[in-house]
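Peer 1: Contents of model.pdb (PDB, C-alpha atoms):
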```pdb
ATOM      1  CA  MET A   1    -159.394  -6.869  19.476
ATOM      2  CA  SER A   2    -158.268  -3.445  20.554
ATOM      3  CA  THR A   3    -157.500  -2.741  24.204
ATOM      4  CA  GLU A   4    -160.670  -0.654  24.437
ATOM      5  CA  SER A   5    -162.770  -3.501  22.980
ATOM      6  CA  VAL A   6    -161.247  -6.030  25.381
ATOM      7  CA  ALA A   7    -161.860  -3.648  28.303
ATOM      8  CA  LYS A   8    -165.523  -3.034  27.405
ATOM      9  CA  ARG A   9    -166.200  -6.742  26.941
ATOM     10  CA  LEU A  10    -164.467  -7.629  30.223
ATOM     11  CA  VAL A  11    -166.571  -5.069  32.096
ATOM     12  CA  GLU A  12    -169.738  -6.417  30.457
ATOM     13  CA  LEU A  13    -168.975 -10.027  31.403
ATOM     14  CA  CYS A  14    -167.835  -9.164  34.942
ATOM     15  CA  ARG A  15    -170.994  -7.132  35.597
ATOM     16  CA  ALA A  16    -172.963 -10.248  34.625
ATOM     17  CA  GLY A  17    -170.849 -12.348  37.028
ATOM     18  CA  GLN A  18    -169.396 -14.327  34.112
ATOM     19  CA  PHE A  19    -165.770 -14.298  35.235
ATOM     20  CA  GLU A  20    -164.715 -17.649  33.780
ATOM     21  CA  GLU A  21    -166.406 -16.823  30.463
ATOM     22  CA  ALA A  22    -164.413 -13.565  30.395
ATOM     23  CA  GLN A  23    -161.196 -15.506  30.933
ATOM     24  CA  LYS A  24    -162.038 -18.081  28.233
ATOM     25  CA  GLU A  25    -162.915 -15.396  25.702
ATOM     26  CA  LEU A  26    -160.414 -12.640  26.471
ATOM     27  CA  TYR A  27    -157.288 -14.124  28.105
ATOM     28  CA  ALA A  28    -154.103 -15.415  26.492
ATOM     29  CA  GLN A  29    -153.107 -19.031  27.248
ATOM     30  CA  ASP A  30    -149.966 -17.828  29.050
ATOM     31  CA  ALA A  31    -151.650 -14.996  30.993
ATOM     32  CA  GLU A  32    -150.499 -14.295  34.533
ATOM     33  CA  SER A  33    -152.537 -13.247  37.555
ATOM     34  CA  LEU A  34    -150.898 -11.289  40.392
ATOM     35  CA  GLU A  35    -152.074 -10.509  43.911
ATOM     36  CA  PRO A  36    -150.656  -7.759  46.159
ATOM     37  CA  GLU A  37    -147.178  -8.261  47.605
ATOM     38  CA  GLY A  38    -147.290  -9.586  51.144
ATOM     39  CA  ALA A  39    -150.574 -11.428  50.709
ATOM     40  CA  PRO A  40    -151.320 -13.395  53.885
ATOM     41  CA  PRO A  41    -150.872 -17.187  54.082
ATOM     42  CA  GLY A  42    -153.758 -18.971  52.418
ATOM     43  CA  ALA A  43    -154.226 -16.246  49.822
ATOM     44  CA  LEU A  44    -154.893 -17.457  46.316
ATOM     45  CA  GLY A  45    -151.506 -16.181  45.204
ATOM     46  CA  ASN A  46    -149.822 -15.486  41.876
ATOM     47  CA  VAL A  47    -150.297 -17.902  38.989
ATOM     48  CA  LYS A  48    -149.306 -18.186  35.338
ATOM     49  CA  GLY A  49    -151.287 -19.880  32.585
ATOM     50  CA  LEU A  50    -154.983 -19.931  31.825
ATOM     51  CA  ASP A  51    -155.612 -23.296  33.517
ATOM     52  CA  ALA A  52    -154.028 -21.995  36.740
ATOM     53  CA  ILE A  53    -156.173 -18.830  36.506
ATOM     54  CA  TYR A  54    -159.316 -20.994  36.175
ATOM     55  CA  LYS A  55    -158.269 -22.992  39.255
ATOM     56  CA  LYS A  56    -157.637 -19.783  41.187
ATOM     57  CA  GLY A  57    -161.145 -18.579  40.319
ATOM     58  CA  GLU A  58    -162.656 -21.928  41.287
ATOM     59  CA  ALA A  59    -160.852 -21.790  44.638
ATOM     60  CA  PHE A  60    -162.236 -18.312  45.304
ATOM     61  CA  GLN A  61    -165.782 -19.367  44.316
ATOM     62  CA  ALA A  62    -165.529 -22.423  46.596
ATOM     63  CA  GLY A  63    -165.063 -20.027  49.530
ATOM     64  CA  VAL A  64    -168.144 -17.981  48.659
ATOM     65  CA  GLU A  65    -171.225 -18.845  50.671
ATOM     66  CA  GLU A  66    -173.451 -16.151  49.138
ATOM     67  CA  MET A  67    -172.986 -13.257  46.708
ATOM     68  CA  HIS A  68    -175.112 -10.266  47.724
ATOM     69  CA  GLY A  69    -173.916  -7.679  45.213
ATOM     70  CA  LEU A  70    -171.289  -6.781  42.650
ATOM     71  CA  GLU A  71    -170.226  -3.412  41.252
ATOM     72  CA  VAL A  72    -167.797  -3.009  38.360
ATOM     73  CA  SER A  73    -166.749   0.445  37.160
ATOM     74  CA  ASP A  74    -166.235   1.480  33.573
ATOM     75  CA  ALA A  75    -162.700   0.835  32.379
ATOM     76  CA  VAL A  76    -160.016   3.500  32.087
ATOM     77  CA  VAL A  77    -157.830   2.764  29.039
ATOM     78  CA  ALA A  78    -154.268   3.992  28.404
ATOM     79  CA  GLY A  79    -152.392   2.377  25.537
ATOM     80  CA  ASN A  80    -152.244  -1.384  26.114
ATOM     81  CA  TRP A  81    -153.373  -1.040  29.739
ATOM     82  CA  PHE A  82    -156.752  -0.617  31.381
ATOM     83  CA  SER A  83    -158.031  -0.569  34.931
ATOM     84  CA  LEU A  84    -161.344  -0.800  36.720
ATOM     85  CA  SER A  85    -162.626  -0.972  40.259
ATOM     86  CA  MET A  86    -164.603  -3.920  41.540
ATOM     87  CA  THR A  87    -166.566  -4.215  44.767
ATOM     88  CA  LEU A  88    -168.141  -7.435  45.989
ATOM     89  CA  ASP A  89    -170.663  -7.729  48.814
ATOM     90  CA  VAL A  90    -170.159 -11.359  49.763
ATOM     91  CA  THR A  91    -170.506 -13.852  52.580
ATOM     92  CA  MET A  92    -167.376 -16.012  52.721
ATOM     93  CA  LYS A  93    -167.448 -19.427  54.378
ATOM     94  CA  GLY A  94    -166.038 -19.134  57.876
ATOM     95  CA  HIS A  95    -165.564 -15.349  57.635
ATOM     96  CA  GLY A  96    -169.072 -13.922  57.409
ATOM     97  CA  ARG A  97    -170.347 -11.101  55.252
ATOM     98  CA  MET A  98    -167.836  -8.561  53.963
ATOM     99  CA  THR A  99    -167.287  -5.928  51.318
ATOM    100  CA  MET A 100    -164.246  -6.557  49.130
ATOM    101  CA  SER A 101    -162.989  -3.616  47.039
ATOM    102  CA  GLU A 102    -160.081  -3.689  44.629
ATOM    103  CA  ILE A 103    -158.454  -1.981  41.690
ATOM    104  CA  CYS A 104    -157.918  -4.391  38.811
ATOM    105  CA  LEU A 105    -155.179  -3.637  36.282
ATOM    106  CA  TYR A 106    -154.938  -5.443  32.939
ATOM    107  CA  HIS A 107    -152.417  -5.530  30.096
ATOM    108  CA  VAL A 108    -153.453  -6.464  26.553
ATOM    109  CA  LYS A 109    -151.071  -7.992  24.012
ATOM    110  CA  ASN A 110    -152.113  -9.305  20.591
ATOM    111  CA  GLY A 111    -155.777  -8.661  21.426
ATOM    112  CA  LYS A 112    -155.787 -10.761  24.628
ATOM    113  CA  VAL A 113    -155.285 -10.061  28.340
ATOM    114  CA  ASP A 114    -151.814 -11.339  29.169
ATOM    115  CA  ARG A 115    -151.623  -9.941  32.711
ATOM    116  CA  GLU A 116    -154.050  -9.084  35.487
ATOM    117  CA  GLN A 117    -152.992  -7.551  38.761
ATOM    118  CA  PHE A 118    -155.123  -6.781  41.788
ATOM    119  CA  PHE A 119    -154.643  -4.073  44.396
ATOM    120  CA  TYR A 120    -156.564  -4.161  47.678
ATOM    121  CA  ASP A 121    -156.071  -3.705  51.416
ATOM    122  CA  MET A 122    -155.394  -6.889  53.343
ATOM    123  CA  GLU A 123    -156.881  -5.848  56.672
TER     124      GLU A 123
END
```
Any chance you could give the structure as structure tokens?

Peer 2:
Amino acid sequence: MSTESVAKRLVELCRAGQFEEAQKELYAQDAESLEPEGAPPGALGNVKGLDAIYKKGEAFQAGVEEMHGLEVSDAVVAGNWFSLSMTLDVTMKGHGRMTMSEICLYHVKNGKVDREQFFYDME
């Protein structure tokens, strides 16, 4: 798949809330997932490998009490890279309702996402 094809499919699956399906279909086995530097203790952290990415997603979902809304922008593609913005309106267990906004950056190699990196404020 081309980078543009991967980006469009990822956006489609994310908008439908099918995050694990997106990972199964579009990610390389050795993909890595990176959070912002200085993430607070208890953050989901950086991981490498598709199984670790699944576990990271499961850990996040386990903290979700209720999902109220999700917005995913169209992707911006440049070479083997693409980015999108994602905003979640969510109630997290023990933290209440909040809006989480981030920029998501992806790298595609051999038709698969081999790196995802997230940028957001940790306030």

Peer 1: Could you tell me which residues the PyMOL selection byres ((chain A and resi 9) around 12) grabs in this file, written as a PyMOL selection string?

Peer 2: chain A and resi 1-8+10-16+18-19+21-23+25-27+74-75+111-113

Peer 1: Determine the residue membership of the PyMOL selection byres ((chain A and resi 65) around 9) for the file above and supply it as a PDB file with C-alpha atoms, keeping the file's coordinate frame.

Peer 2:
```pdb
ATOM      1  CA  GLN A  61    -165.782 -19.367  44.316  1.00  0.00           C
ATOM      2  CA  ALA A  62    -165.529 -22.423  46.596  1.00  0.00           C
ATOM      3  CA  GLY A  63    -165.063 -20.027  49.530  1.00  0.00           C
ATOM      4  CA  VAL A  64    -168.144 -17.981  48.659  1.00  0.00           C
ATOM      5  CA  GLU A  66    -173.451 -16.151  49.138  1.00  0.00           C
ATOM      6  CA  MET A  67    -172.986 -13.257  46.708  1.00  0.00           C
ATOM      7  CA  VAL A  90    -170.159 -11.359  49.763  1.00  0.00           C
ATOM      8  CA  THR A  91    -170.506 -13.852  52.580  1.00  0.00           C
ATOM      9  CA  MET A  92    -167.376 -16.012  52.721  1.00  0.00           C
ATOM     10  CA  LYS A  93    -167.448 -19.427  54.378  1.00  0.00           C
ATOM     11  CA  GLY A  94    -166.038 -19.134  57.876  1.00  0.00           C
ATOM     12  CA  GLY A  96    -169.072 -13.922  57.409  1.00  0.00           C
TER      13      GLY A  96
END
```

Peer 1: Apply the PyMOL selection byres ((chain A and resi 70) around 10) to the file shown and report the selected residues as a PyMOL selection string.

Peer 2: chain A and resi 14-17+67-69+71-72+86-90+99-101

Peer 1: Determine the nearest neighbour of Gln117 of chain A from the options A:Ala78, A:Lys56, A:Leu50, A:Pro36, counting all atoms listed in the file.

Peer 2: A:Pro36

Peer 1: Return as lines of an AutoDock Vina configuration file the box centre and box size in Å, one decimal, for an axis-aligned box around all listed atoms of segment 55-72 of chain A padded by 6 Å per side.

Peer 2:
```
center_x = -166.4
center_y = -13.0
center_z = 44.5
size_x = 29.5
size_y = 32.0
size_z = 24.3
```

Peer 1: Rounded to one decimal in Å, what is the spacing between atom CA of Val77 of chain A and atom CA of Phe118 of chain A?

Peer 2: 16.2 Å

Peer 1: Taking 4 positions as the minimum chain separation for residues in the same chain, which residues sit within 6 Å of Asp114 of chain A when counting all atoms listed in the file? Answer as a ChimeraX atom specification.

Peer 2: /A:28,31,107-108

Peer 1: Write out as a PDB file with C-alpha atoms, in the frame of the given file each polymer residue whose atoms come within 10 Å of Lys48 of chain A, counting only C-alpha atoms; drop sequence neighbours fewer than 6 positions from it.

Peer 2:
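To be explicit, this is the file written out as part-v8.pdb:
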```
ATOM      1  CA  GLN A  29    -153.107 -19.031  27.248  1.00  0.00           C
ATOM      2  CA  ASP A  30    -149.966 -17.828  29.050  1.00  0.00           C
ATOM      3  CA  ALA A  31    -151.650 -14.996  30.993  1.00  0.00           C
ATOM      4  CA  GLU A  32    -150.499 -14.295  34.533  1.00  0.00           C
ATOM      5  CA  SER A  33    -152.537 -13.247  37.555  1.00  0.00           C
ATOM      6  CA  LEU A  34    -150.898 -11.289  40.392  1.00  0.00           C
ATOM      7  CA  ASP A 114    -151.814 -11.339  29.169  1.00  0.00           C
ATOM      8  CA  ARG A 115    -151.623  -9.941  32.711  1.00  0.00           C
TER       9      ARG A 115
END
```

Peer 1: With distances taken over only C-alpha atoms, which of A:Tyr106, A:Met98, A:Phe119, A:Gly38 is nearest to Gly79 of chain A?

Peer 2: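 Ranking A:Tyr106, A:Met98, A:Phe119, A:Gly38 by distance to Gly79 of chain A, first place goes to A:Tyr106.
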
Peer 1: Provide the atom CA of Glu35 of chain A to atom CA of Cys104 of chain A distance in Å, to one decimal place.

Peer 2: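 Atom-to-atom, atom CA of Glu35 of chain A and atom CA of Cys104 of chain A are spaced 9.9 Å apart.
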
Peer 1: Just to confirm, what's the straight-line distance from atom CA of Ala52 of chain A to atom CA of Arg97 of chain A in Å (one decimal)?

Peer 2: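 Atom-to-atom, atom CA of Ala52 of chain A to atom CA of Arg97 of chain A, that is 27.0 Å.
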